[in-house]
Amino acid sequence: MIPALADAGVDALIVSDPGMIRLIQTLTPNLPLHLSTQTNTTNIEAVRFWRDQGVQRIILARELNLKEVGEIATAVPEMELELFVHGAMCMAYSGRCYLSAFRNHRNANQAIAVNLAAGNIYFTKQ
């Protein structure tokens with residue numbers, strides 16, 4: 001399927017799993033790879049690591065502030081950086097929206113996660 005995507009002319013693949021990065025690079029070495037926010041890339045050394053793995057763009061962790069993003073951009077100017085710019089932060093682990101998947105059966109990996117911050121969520125101690 002990966003070669004078929006490349007043949008279809010996709011611009012890039014967004015990936016988060018190192019094994020998939022390796023497989024994609026083996027099957028379609030010229031297909032650009034963009035690293036998902038789910039990898040939780042938060043610092044300069046992590047950006048350098050992923051660059052060295054052949055990633056062309058990194059969608060940085062949502063937790064970073066503008067100063068931190070600027071420091072990364074200055075330190076690794078050859079790396080394309082992408083950001084989520086919106087007001088809500090879902091309760092997640094490394095960008096994986098588990099509450100949305102659990103409560104609404106809508107998965108972030110399918111681009112259908114629901115922002116639960118606007119809903120009524122109650123936690124009780126058992």
# chains A, B, ... in the order shown; residues from 1 in each chain; ligands from 1

call {"tool": "residues_around", "arguments": {"residues": "range 28-30 of chain A", "least_positions_apart": "4", "cutoff": "12 Å", "atoms": "only C-alpha atoms", "output": "count of residues only"}}
result
21

call {"tool": "closest_atom_pairs", "arguments": {"of": "range 8-60 of chain A", "to": "range 79-83 of chain A", "cutoff": "10 Å", "atoms": "only C-alpha atoms", "output": "CSV"}}
result
residue,atom,partner,partner_atom,distance
A:His34,CA,A:Glu80,CA,9.0
A:Leu35,CA,A:Glu82,CA,9.5
A:Ser36,CA,A:Glu82,CA,9.5
A:Thr37,CA,A:Leu83,CA,8.4
A:Val47,CA,A:Met79,CA,7.8
A:Arg48,CA,A:Met79,CA,8.4
A:Trp50,CA,A:Met79,CA,9.5
A:Arg51,CA,A:Met79,CA,7.0
A:Val55,CA,A:Met79,CA,8.5
A:Gln56,CA,A:Glu80,CA,6.3
A:Arg57,CA,A:Glu80,CA,4.5
A:Ile58,CA,A:Leu81,CA,5.1
A:Ile59,CA,A:Glu82,CA,4.5
A:Leu60,CA,A:Leu83,CA,5.8

call {"tool": "atom_distance", "arguments": {"atom1": "CA of Glu71 in chain A", "atom2": "CA of Ser16 in chain A"}}
result
22.7 Å

call {"tool": "closest_residue", "arguments": {"among": "A:Glu78, A:Pro32, A:Thr41, A:Val85", "to": "Leu66 in chain A", "atoms": "only C-alpha atoms"}}
result
A:Val85

call {"tool": "atom_distance", "arguments": {"atom1": "CA of Thr26 in chain A", "atom2": "CA of Gln38 in chain A"}}
result
22.4 Å

call {"tool": "closest_residue", "arguments": {"among": "A:Pro77, A:Ala46, A:Gln25, A:Asn40", "to": "Glu63 in chain A", "atoms": "only C-alpha atoms"}}
result
A:Asn40
